[in-house]
$ cat final28.txt   # compact mmCIF, C-alpha atoms
# COMPACT_ATOMS: atom_id res chain seq x y z
CA MET A 26 111.83 96.45 92.76
CA ASN A 27 113.81 93.88 94.77
CA ASP A 28 116.53 94.20 92.13
CA VAL A 29 117.49 97.65 93.41
CA LYS A 30 118.85 96.42 96.75
CA GLN A 31 122.37 97.55 97.67
CA MET A 32 122.65 99.92 94.71
CA ARG A 33 123.73 103.56 94.64
CA PHE A 34 121.23 106.13 93.44
CA GLY A 35 121.07 109.84 92.85
CA ALA A 36 117.65 111.27 93.68
CA LEU A 37 116.17 114.20 91.79
CA LEU A 38 115.26 116.71 94.51
CA SER A 39 112.66 119.43 93.96
CA GLY A 40 112.01 120.24 97.61
CA GLY A 41 108.49 118.80 97.34
CA LYS A 42 106.92 115.71 98.84
CA ASP A 43 107.15 113.40 95.81
CA SER A 44 110.91 113.59 95.32
CA LEU A 45 111.74 113.08 98.99
CA TYR A 46 109.19 110.34 99.52
CA ALA A 47 110.51 108.49 96.46
CA ALA A 48 114.04 108.71 97.88
CA TRP A 49 112.75 107.34 101.19
CA LYS A 50 111.08 104.38 99.50
CA VAL A 51 114.34 103.46 97.74
CA MET A 52 116.18 103.65 101.07
CA GLN A 53 113.59 101.26 102.51
CA MET A 54 114.34 98.83 99.67
CA GLY A 55 117.90 98.59 100.96
CA SER A 56 119.68 100.93 98.54
CA ASP A 57 121.77 104.02 99.16
CA ILE A 58 120.90 107.58 98.14
CA ALA A 59 124.43 108.75 97.39
CA CYS A 60 123.42 112.26 96.36
CA PHE A 61 120.58 114.61 95.57
CA ILE A 62 120.32 116.48 92.26
CA THR A 63 118.47 119.79 92.08
CA ILE A 64 117.71 121.72 88.90
CA ARG A 65 117.15 125.42 89.58
CA SER A 66 115.03 126.80 86.77
CA LYS A 67 114.85 130.51 86.07
CA ASN A 68 111.50 129.87 84.41
CA ALA A 69 108.63 129.53 86.90
CA GLU A 70 106.54 127.94 84.13
CA SER A 71 109.03 125.13 83.44
CA TYR A 72 107.43 121.97 82.03
CA MET A 73 109.97 119.78 83.83
CA PHE A 74 110.99 121.35 87.11
CA HIS A 75 109.38 122.46 90.38
CA THR A 76 110.34 126.05 91.27
CA PRO A 77 108.72 127.18 94.59
CA ASN A 78 111.41 127.53 97.29
CA ILE A 79 113.85 125.57 95.12
CA SER A 80 116.88 127.25 96.72
CA LEU A 81 115.99 125.58 100.02
CA THR A 82 116.79 122.10 98.75
CA ARG A 83 120.24 122.93 100.15
CA LEU A 84 118.73 122.88 103.64
CA GLN A 85 116.99 119.57 102.94
CA ALA A 86 120.24 118.03 101.75
CA GLU A 87 122.04 119.37 104.82
CA ALA A 88 119.24 118.09 107.07
CA SER A 89 119.63 114.61 105.62
CA ALA A 90 123.46 114.71 105.46
CA ILE A 91 123.32 113.76 101.76
CA PRO A 92 125.49 115.63 99.21
CA LEU A 93 123.70 117.92 96.76
CA ILE A 94 124.51 118.67 93.13
CA GLU A 95 122.84 121.82 91.80
CA GLN A 96 122.41 122.77 88.16
CA GLU A 97 120.91 126.01 86.89
CA THR A 98 118.77 126.14 83.76
CA GLU A 99 117.03 128.87 81.80
CA GLY A 100 113.99 126.60 81.78
CA ILE A 101 113.47 126.65 78.03
CA GLU A 102 111.24 123.78 76.93
CA GLU A 103 113.26 120.74 75.80
CA LYS A 104 116.56 122.68 76.04
CA GLU A 105 116.34 122.41 79.83
CA LEU A 106 116.82 118.67 79.37
CA LEU A 107 120.43 119.30 78.37
CA ASP A 108 121.03 120.82 81.81
CA LEU A 109 119.35 117.85 83.45
CA ALA A 110 121.53 115.47 81.42
CA THR A 111 124.64 117.39 82.45
CA SER A 112 123.76 117.19 86.14
CA ILE A 113 122.96 113.47 85.98
CA HIS A 114 126.21 112.77 84.13
CA CYS A 115 128.24 114.74 86.72
CA ALA A 116 126.47 113.00 89.62
CA SER A 117 127.01 109.58 88.07
CA GLU A 118 130.71 110.23 87.56
CA LYS A 119 131.31 111.75 90.99
CA PHE A 120 129.27 109.29 93.07
CA HIS A 121 129.53 106.14 90.92
CA LEU A 122 125.76 105.81 90.60
CA ASP A 123 123.78 102.79 89.46
CA GLY A 124 120.64 104.80 88.82
CA ILE A 125 118.40 107.82 89.32
CA VAL A 126 115.29 108.12 91.50
CA THR A 127 112.35 110.30 90.45
CA GLY A 128 109.13 111.29 92.18
CA ALA A 129 107.06 110.88 89.01
CA ILE A 130 103.48 109.70 89.62
CA GLN A 131 101.58 110.19 86.37
CA SER A 132 103.51 112.63 84.18
CA VAL A 133 104.55 110.69 81.09
CA TYR A 134 106.14 113.90 79.77
CA GLN A 135 108.60 114.04 82.67
CA ALA A 136 109.11 110.32 83.17
CA THR A 137 109.97 109.48 79.56
CA ARG A 138 112.49 112.30 79.29
CA ILE A 139 114.28 111.33 82.49
CA GLU A 140 114.27 107.68 81.45
CA ARG A 141 115.82 108.59 78.09
CA ILE A 142 118.65 110.47 79.77
CA CYS A 143 119.26 107.58 82.18
CA HIS A 144 119.34 105.13 79.27
CA GLN A 145 121.95 107.27 77.52
CA GLU A 146 124.04 107.24 80.70
CA GLY A 147 123.59 103.51 81.27
CA LEU A 148 121.67 104.13 84.50
CA TRP A 149 118.58 102.62 86.05
CA CYS A 150 115.58 104.95 86.40
CA ILE A 151 113.36 104.22 89.42
CA SER A 152 110.01 105.91 90.10
CA PRO A 153 108.60 104.28 93.26
CA LEU A 154 105.39 106.35 93.17
CA TRP A 155 104.47 105.64 89.55
CA GLN A 156 100.71 105.07 89.17
CA CYS A 157 100.26 104.81 92.96
CA ASP A 158 96.91 105.33 94.68
CA GLN A 159 97.18 109.05 95.32
CA GLU A 160 94.96 109.30 98.38
CA THR A 161 96.73 106.41 100.11
CA TYR A 162 100.09 107.96 99.31
CA VAL A 163 99.25 111.48 100.54
CA ARG A 164 97.69 110.13 103.72
CA SER A 165 100.82 108.06 104.38
CA LEU A 166 103.08 111.12 104.42
CA ALA A 167 102.28 112.25 107.95
CA ASN A 168 101.93 108.64 109.15
CA GLU A 169 105.49 107.89 108.03
CA GLY A 170 107.04 110.96 109.61
CA PHE A 171 106.98 113.52 106.82
CA GLU A 172 106.17 117.12 107.67
CA VAL A 173 104.99 118.83 104.49
CA ILE A 174 103.40 122.20 103.79
CA VAL A 175 101.57 123.63 100.78
CA ALA A 176 104.01 125.92 98.95
CA GLY A 177 101.87 126.92 95.98
CA VAL A 178 98.27 126.78 94.73
CA PHE A 179 97.28 127.02 91.09
CA ALA A 180 93.65 125.84 90.84
CA ASP A 181 90.45 127.90 90.96
CA SER A 182 89.12 126.03 93.99
CA LEU A 183 92.28 126.57 96.06
CA ASP A 184 92.60 130.03 97.61
CA ALA A 185 95.22 131.73 99.77
CA SER A 186 93.97 129.93 102.88
CA TRP A 187 95.65 126.71 101.68
CA LEU A 188 99.12 128.25 101.51
CA GLY A 189 101.45 127.20 104.33
CA THR A 190 99.02 124.58 105.65
CA HIS A 191 100.30 121.13 106.55
CA ILE A 192 99.58 118.17 104.31
CA ASP A 193 97.98 115.83 106.80
CA ARG A 194 94.70 113.98 107.30
CA THR A 195 92.77 117.23 107.61
CA PHE A 196 94.29 118.48 104.37
CA VAL A 197 93.27 115.34 102.49
CA ASP A 198 89.72 115.44 103.85
CA ARG A 199 89.42 119.11 102.93
CA LEU A 200 90.84 118.54 99.45
CA LYS A 201 88.53 115.60 98.79
CA LYS A 202 85.53 117.88 99.29
CA VAL A 203 86.55 119.93 96.24
CA SER A 204 88.49 117.34 94.24
CA GLY A 205 85.46 115.66 92.67
CA LYS A 206 83.71 118.86 91.67
CA TYR A 207 86.82 120.50 90.25
CA GLN A 208 88.70 117.37 89.10
CA ILE A 209 91.65 118.06 91.38
CA SER A 210 94.37 115.45 91.78
CA ILE A 211 94.82 114.53 95.46
CA ALA A 212 98.60 114.45 94.94
CA GLY A 213 98.62 117.67 92.92
CA GLU A 214 99.65 115.84 89.75
CA GLY A 215 97.75 118.29 87.58
CA GLY A 216 99.80 121.17 88.95
CA GLU A 217 96.99 122.18 91.32
CA TYR A 218 99.37 122.66 94.24
CA GLU A 219 103.06 122.41 95.13
CA SER A 220 104.63 121.38 98.42
CA PHE A 221 107.74 121.75 100.56
CA VAL A 222 109.12 119.20 103.02
CA LEU A 223 110.25 120.40 106.45
CA ASN A 224 111.04 117.00 107.91
CA ALA A 225 111.39 113.39 106.74
CA PRO A 226 112.16 110.07 108.48
CA PHE A 227 115.77 110.14 107.24
CA PHE A 228 116.49 113.78 108.16
CA LYS A 229 119.03 114.29 110.95
CA LYS A 230 117.61 117.76 111.58
CA ARG A 231 114.27 119.45 111.02
CA ILE A 232 113.75 122.62 108.99
CA ILE A 233 112.06 125.51 110.78
CA ILE A 234 110.61 128.47 108.91
CA GLU A 235 111.79 131.75 110.37
CA LYS A 236 110.08 134.13 107.97
CA ALA A 237 107.66 133.63 105.08
CA GLU A 238 105.12 135.53 103.04
CA ILE A 239 101.98 134.63 101.14
CA LEU A 240 101.76 135.93 97.58
CA PHE A 241 98.35 135.42 95.98
CA LYS A 242 97.05 137.02 92.82
CA HIS A 243 94.62 136.16 90.00
CA GLY A 244 93.62 132.83 91.54
CA ALA A 245 97.14 131.48 92.15
CA GLY A 246 99.76 131.96 94.80
CA ASN A 247 102.93 130.91 96.58
CA TYR A 248 104.09 130.49 100.13
CA ARG A 249 107.53 132.03 99.81
CA ILE A 250 109.99 131.05 102.52
CA ILE A 251 112.23 134.06 103.09
CA SER A 252 114.44 132.54 105.76
CA ALA A 253 114.71 129.12 107.41
CA GLY A 254 117.08 127.16 109.61
CA LEU A 255 117.77 123.72 111.07
CA VAL A 256 117.14 122.38 114.55
$ encode --input "final28.txt" --output "C-alpha cells"
Amino acid sequence: MNDVKQMRFGALLSGGKDSLYAAWKVMQMGSDIACFITIRSKNAESYMFHTPNISLTRLQAEASAIPLIEQETEGIEEKELLDLATSIHCASEKFHLDGIVTGAIQSVYQATRIERICHQEGLWCISPLWQCDQETYVRSLANEGFEVIVAGVFADSLDASWLGTHIDRTFVDRLKKVSGKYQISIAGEGGEYESFVLNAPFFKKRIIIEKAEILFKHGAGNYRIISAGLV
C-alpha cells in the first residue's frame, strides 16, 4: 500500500460507510482523492450499486469539497458495467487519475468487475477494506470521526427500529447479539443493511437531516431522506 503515496485517485461513492471510509484510508496513505464517482441506478435490486439515498452523494461531495462525477444506469445486470466503465474513463480523462478506490470488503463479484475496468483503463484499483476484520472496522467508524446511520435493512432479524439509528458502539453490540444466530455480517456485506454517512473526518461541513421517513414492509425497509442540508 505504500506504493500509492502521492497518487491521484477517483473514489467510487455510494453514500455509504464503506466507500467513504476507503477514500479516507487512501488519504491517510498520502494520496489525493481528486474526484468522487457515483453511479445512480434506476434498479433498486442492482447487483453492483448501492441505491438508498444515492442522490445525496452530491451533498457528501459538497461537504468534502471534492468534485463529483455522476452516471445514471438502468441497472441491468452486467450491462450496468458499461456505464461504470464510461464514468471511470471520463473521470480518468478529466482529473488525470492514477487509480480508482473502492469500498469492497468481501464481494468478489463487485471487486473483479471493477478491477477489470481499471485494467482496461490502465488504472490502479485500490480496496483498502478488502478482507478486513469487520467488527474492528465498524467499531472504528465512530472512533475516527464518522457519523453514520442505518439507511436500509434487509434481513429477517432487523426490523424498522434499526432504521435511522447511528452506527456506533451500541449498534455493534446490538448487532452482535443477533449476528451469530442469523449469520449476519457485522459490516452488512451480505446485504443485511445499508448505511449513509452524515459526517467524515475530511468533510468541511456536516450533513443534517431535515426531513425523513421510514418505509418498512415485508421484513425490509428504508430510511428515506426527503430533505437535508449542510452546516
$ closest_residue --input "final28.txt" --among "A:Ala253, A:Ala225, A:Cys157, A:Ile239" --to "Gly170 of chain A" --atoms "all atoms listed in the file"
A:Ala225
$ closest_residue --input "final28.txt" --among "A:Cys115, A:Ile101, A:Leu84, A:Ala212" --to "Ile234 of chain A" --atoms "all atoms listed in the file"
A:Leu84
$ residues_around --input "final28.txt" --residues "segment 139-147 of chain A" --least-positions-apart "3" --cutoff "8 Å" --atoms "all atoms listed in the file" --output "NGL selection string"
:A and (110 or 113-114 or 124-125 or 135-136 or 150)
$ residues_around --input "final28.txt" --residues "Leu183 of chain A" --least-positions-apart "6" --cutoff "10 Å" --atoms "all atoms listed in the file" --output "CSV table (one decimal) with C-alpha atoms, in the frame of the given file"
chain,number,residue,atom,x,y,z
A,177,GLY,CA,101.9,126.9,96.0
A,200,LEU,CA,90.8,118.5,99.4
A,203,VAL,CA,86.6,119.9,96.2
A,209,ILE,CA,91.6,118.1,91.4
A,217,GLU,CA,97.0,122.2,91.3
A,218,TYR,CA,99.4,122.7,94.2
A,244,GLY,CA,93.6,132.8,91.5
A,245,ALA,CA,97.1,131.5,92.2
A,246,GLY,CA,99.8,132.0,94.8
$ closest_residue --input "final28.txt" --among "A:Ala86, A:Ala167, A:Ile64, A:Val133" --to "Leu107 of chain A" --atoms "only C-alpha atoms"
A:Ile64
